[in-house]
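Undergrad: Structure file model.tsv (TSV, C-alpha atoms) right here:
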```tsv
chain	number	residue	atom	x	y	z
A	1197	MET	CA	48.24	-41.24	-5.27
A	1198	LYS	CA	49.22	-38.18	-3.21
A	1199	TYR	CA	49.91	-36.18	-6.36
A	1200	ALA	CA	46.56	-37.10	-7.89
A	1201	LEU	CA	44.74	-36.02	-4.72
A	1202	ALA	CA	46.72	-32.76	-4.62
A	1203	ILE	CA	45.80	-32.02	-8.26
A	1204	ILE	CA	42.12	-32.82	-7.67
A	1205	PHE	CA	42.10	-30.67	-4.53
A	1206	SER	CA	43.75	-27.74	-6.33
A	1207	LEU	CA	41.28	-28.01	-9.23
A	1208	PHE	CA	38.40	-28.02	-6.77
A	1209	CYS	CA	39.77	-24.92	-4.99
A	1210	THR	CA	40.24	-23.15	-8.32
A	1211	TYR	CA	36.66	-24.01	-9.32
A	1212	ALA	CA	35.28	-22.83	-5.97
A	1213	TYR	CA	37.23	-19.54	-6.21
A	1214	SER	CA	36.00	-18.87	-9.75
A	1215	ILE	CA	32.39	-19.25	-8.57
A	1216	GLU	CA	32.91	-16.66	-5.80
A	1217	THR	CA	34.08	-13.90	-8.15
A	1218	PRO	CA	31.28	-13.01	-10.56
A	1219	ASN	CA	32.04	-11.37	-13.85
A	1220	ILE	CA	30.97	-7.73	-13.51
A	1221	GLU	CA	32.12	-5.11	-15.98
A	1222	LEU	CA	32.57	-1.45	-14.96
A	1223	ASN	CA	32.95	1.21	-17.67
A	1224	ILE	CA	33.30	4.98	-17.43
A	1225	SER	CA	32.41	7.33	-20.26
A	1226	SER	CA	35.15	9.12	-22.20
A	1227	PRO	CA	36.90	11.53	-22.44
A	1228	ARG	CA	38.13	11.33	-18.88
A	1229	ASN	CA	39.20	14.93	-18.45
A	1230	ILE	CA	38.65	16.96	-15.29
A	1231	LYS	CA	38.97	20.74	-15.28
A	1232	SER	CA	41.33	22.35	-12.84
A	1233	ASN	CA	39.24	23.84	-10.03
A	1234	GLY	CA	36.09	22.51	-11.71
A	1235	ARG	CA	33.35	19.89	-11.75
A	1236	GLU	CA	32.78	17.12	-14.29
A	1237	SER	CA	30.10	14.45	-14.74
A	1238	PHE	CA	30.70	10.93	-16.05
A	1239	ASP	CA	28.46	7.94	-16.78
A	1240	LEU	CA	29.40	4.76	-14.93
A	1241	SER	CA	27.99	1.56	-16.47
A	1242	ILE	CA	27.77	-1.65	-14.46
A	1243	TYR	CA	27.14	-4.75	-16.55
A	1244	ASN	CA	26.35	-8.17	-15.04
A	1245	ARG	CA	27.86	-10.84	-17.31
A	1246	GLU	CA	26.75	-13.69	-15.05
A	1247	ASN	CA	23.78	-16.00	-15.55
A	1248	THR	CA	22.50	-15.24	-12.05
A	1249	ALA	CA	21.26	-12.07	-10.41
A	1250	LEU	CA	23.52	-10.23	-7.97
A	1251	TYR	CA	22.08	-8.69	-4.80
A	1252	ASN	CA	23.02	-5.95	-2.31
A	1253	LEU	CA	25.96	-4.43	-4.15
A	1254	ASP	CA	27.90	-1.59	-2.54
A	1255	LEU	CA	29.70	0.89	-4.77
A	1256	SER	CA	32.49	3.21	-3.61
A	1257	ALA	CA	35.25	5.35	-5.13
A	1258	PHE	CA	38.72	6.25	-3.80
A	1259	ASN	CA	41.59	8.50	-4.88
A	1260	ASN	CA	44.75	10.09	-3.51
A	1261	ASN	CA	44.35	13.57	-5.01
A	1262	ASN	CA	41.83	15.36	-2.76
A	1263	LEU	CA	39.01	14.95	-5.27
A	1264	GLU	CA	35.38	14.71	-4.22
A	1265	ILE	CA	33.61	11.84	-5.97
A	1266	ILE	CA	29.83	11.78	-5.75
A	1267	LEU	CA	27.88	8.74	-6.99
A	1268	ASP	CA	24.13	8.82	-7.62
A	1269	LYS	CA	23.79	5.39	-6.03
A	1270	ILE	CA	26.09	3.71	-3.57
A	1271	LYS	CA	23.78	0.75	-2.92
A	1272	ILE	CA	22.31	-1.42	-5.69
A	1273	GLU	CA	19.64	-3.85	-4.58
A	1274	LYS	CA	19.70	-6.17	-7.58
A	1275	ILE	CA	21.27	-6.55	-11.02
A	1276	GLU	CA	19.64	-9.10	-13.29
A	1277	PRO	CA	21.72	-11.31	-15.61
A	1278	LYS	CA	22.93	-9.46	-18.72
A	1279	GLU	CA	21.57	-6.17	-17.31
A	1280	THR	CA	23.37	-2.83	-17.43
A	1281	ILE	CA	22.84	-0.15	-14.81
A	1282	LYS	CA	24.00	3.41	-15.46
A	1283	ILE	CA	25.04	5.63	-12.57
A	1284	ASN	CA	26.01	9.27	-12.74
A	1285	MET	CA	29.42	9.99	-11.20
A	1286	GLU	CA	30.44	13.57	-10.47
A	1287	ILE	CA	34.04	14.52	-9.72
A	1288	ILE	CA	34.77	17.85	-8.04
A	1289	ASN	CA	38.32	19.19	-8.14
A	1290	ASN	CA	38.97	22.03	-5.66
A	1291	ASN	CA	42.68	22.49	-6.49
A	1292	LYS	CA	44.29	24.58	-9.23
A	1293	TYR	CA	46.70	22.77	-11.52
A	1294	TYR	CA	48.98	24.65	-13.93
A	1295	PHE	CA	50.16	21.52	-15.78
A	1296	ASN	CA	48.35	18.38	-16.95
A	1297	GLU	CA	48.10	15.90	-14.09
A	1298	LYS	CA	47.33	12.19	-14.50
A	1299	ILE	CA	45.43	10.69	-11.57
A	1300	LEU	CA	44.01	7.28	-10.72
A	1301	ILE	CA	40.57	6.61	-9.26
A	1302	THR	CA	39.66	3.22	-7.82
A	1303	LEU	CA	36.07	2.02	-8.03
A	1304	LYS	CA	35.09	-0.83	-5.73
A	1305	ILE	CA	31.98	-2.94	-6.11
A	1306	SER	CA	31.24	-5.54	-3.45
A	1307	ASN	CA	28.66	-7.46	-1.47
A	1308	ASP	CA	28.83	-10.17	1.20
A	1309	GLU	CA	30.26	-12.74	-1.22
A	1310	PHE	CA	32.81	-10.89	-3.35
A	1311	SER	CA	34.73	-7.67	-3.92
A	1312	LYS	CA	36.12	-6.23	-7.16
A	1313	ASP	CA	38.37	-3.19	-7.65
A	1314	ASN	CA	38.90	-1.38	-10.94
A	1315	ARG	CA	41.35	1.50	-11.48
A	1316	TYR	CA	40.74	4.22	-14.05
A	1317	SER	CA	43.03	7.02	-15.14
A	1318	PHE	CA	41.85	10.60	-15.52
A	1319	ILE	CA	43.65	13.75	-16.69
A	1320	ILE	CA	43.27	17.03	-14.85
A	1321	LYS	CA	43.49	19.86	-17.36
A	1322	PRO	CA	45.40	23.02	-16.35
A	1323	VAL	CA	43.80	26.37	-15.50
A	1324	ASP	CA	42.13	27.91	-18.59
A	1325	ASN	CA	44.21	30.57	-20.38
A	1326	PHE	CA	46.98	30.42	-17.76
A	1327	TRP	CA	49.82	30.04	-20.25
A	1328	ARG	CA	48.29	32.62	-22.60
A	1329	PHE	CA	48.17	35.09	-19.70
A	1330	ILE	CA	51.82	34.34	-18.80
A	1331	ILE	CA	53.03	34.83	-22.41
A	1332	ILE	CA	51.08	38.07	-22.86
A	1333	SER	CA	52.38	39.40	-19.53
A	1334	VAL	CA	56.01	38.65	-20.40
A	1335	ALA	CA	55.59	40.18	-23.89
A	1336	LEU	CA	54.05	43.31	-22.39
A	1337	LEU	CA	56.88	43.66	-19.85
A	1338	LEU	CA	59.52	43.21	-22.55
A	1339	SER	CA	57.90	45.82	-24.79
A	1340	VAL	CA	57.68	48.34	-21.90
A	1341	PHE	CA	61.36	47.75	-21.06
A	1342	PHE	CA	62.30	48.13	-24.74
A	1343	ILE	CA	60.39	51.45	-24.98
A	1344	LEU	CA	62.01	52.77	-21.78
A	1345	ILE	CA	65.50	51.79	-22.93
A	1346	PHE	CA	64.88	53.28	-26.38
A	1347	ILE	CA	63.70	56.60	-24.87
A	1348	LYS	CA	66.73	56.77	-22.55
A	1349	THR	CA	69.21	56.05	-25.35
A	1350	SER	CA	67.59	58.44	-27.84
A	1351	LYS	CA	67.49	61.28	-25.24
A	1352	GLY	CA	71.15	60.74	-24.60
A	1353	GLU	CA	71.96	61.13	-28.31
A	1354	GLU	CA	69.91	64.35	-28.62
A	1355	ASN	CA	71.64	65.98	-25.64
A	1356	ALA	CA	75.10	64.97	-26.85
A	1357	GLY	CA	74.78	66.71	-30.22
```
When written as structure tokens, how does the structure in this file appear?
TA:
Amino acid sequence: MKYALAIIFSLFCTYAYSIETPNIELNISSPRNIKSNGRESFDLSIYNRENTALYNLDLSAFNNNNLEIILDKIKIEKIEPKETIKINMEIINNNKYYFNEKILITLKISNDEFSKDNRYSFIIKPVDNFWRFIIISVALLLSVFFILIFIKTSKGEENAG
């Protein structure tokens, strides 16, 4: 009897927990590339998969890479069932990166009844033409050194003869 009551109680708790977490889908447009020392815009879609409307939703974004994330809306009054809301999300990167950097951004949507976190990966692209500038600079230095060494060695041969 104790086992049957424990199973019924656990099923009830599982059912109650599933009611408290509505099925909301968050999607971000692709490609998810951010320029080094630049600004990029993305479309954030929020889709309510529930059969009931959701009210007073708060939206926030977090990261660990000193990025500024600006959302058009941080408060959503109501999302109807099967409705999609699009929000513009702008990410500002104030740092220079010389290699590709993979970062994670956490989007949190919540109200008084539930909270849901989604993590998305983004790639920060390196500074434009950085490697091209480095290769051209090294090639130019090598050619100048080669010319100087060639002039010194050919002068030495002329004076010796």
Undergrad: For region 1303-1319 of chain A, list every protein, DNA or RNA residue within 12 Å, evaluated using only C-alpha atoms, and leave out those in the same chain fewer than 5 positions away; present the list as a PyMOL selection string.
TA: chain A and resi 1213-1232+1236+1238+1240-1244+1250-1259+1261+1263+1265-1267+1269-1274+1285+1287+1289+1293+1295-1298
Undergrad: Could you state the separation of CA of Arg1245 (chain A) and CA of Lys1278 (chain A) in Å, given to one decimal place?
TA: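 Between CA of Arg1245 (chain A) and CA of Lys1278 (chain A) the gap works out to 5.3 Å.
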Undergrad: Can you work out which one of A:Leu1336, A:Arg1328, A:Gly1234, A:Glu1279 has the shortest atom-to-atom distance to Lys1292 (chain A), counting all atoms listed in the file?
TA: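 Smallest distance to Lys1292 (chain A) is found for A:Gly1234.
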Undergrad: Quick one, how far is CA of Pro1322 (chain A) from CA of Tyr1294 (chain A)?
TA: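 Answer for the CA of Pro1322 (chain A) to CA of Tyr1294 (chain A) separation: 4.6 Å.
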Undergrad: Work out how far apart CA of Arg1235 (chain A) and CA of Asn1291 (chain A) are and give it in Å to one decimal.
TA: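 About the pair CA of Arg1235 (chain A) and CA of Asn1291 (chain A): they are 11.0 Å apart.
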Undergrad: Could you check which of A:Asn1260, A:Glu1286, A:Met1197, A:Thr1280 is closest to Asp1239 (chain A), using only C-alpha atoms?
TA: A:Glu1286
Undergrad: Show me as an mmCIF file with C-alpha atoms, keeping the file's coordinate frame the residues that reach within 8 Å of (20.8, 4.6, -12.3), counting all atoms listed in the file and using the file's own coordinates.
TA:
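And here's selection-v5.cif as it stands now:
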```cif
data_model
loop_
_atom_site.group_PDB
_atom_site.id
_atom_site.type_symbol
_atom_site.label_atom_id
_atom_site.label_comp_id
_atom_site.auth_asym_id
_atom_site.auth_seq_id
_atom_site.Cartn_x
_atom_site.Cartn_y
_atom_site.Cartn_z
ATOM 1 C CA ASP A 1268 24.130 8.820 -7.620
ATOM 2 C CA LYS A 1269 23.790 5.390 -6.030
ATOM 3 C CA ILE A 1281 22.840 -0.150 -14.810
ATOM 4 C CA LYS A 1282 24.000 3.410 -15.460
ATOM 5 C CA ILE A 1283 25.040 5.630 -12.570
ATOM 6 C CA ASN A 1284 26.010 9.270 -12.740
#
```
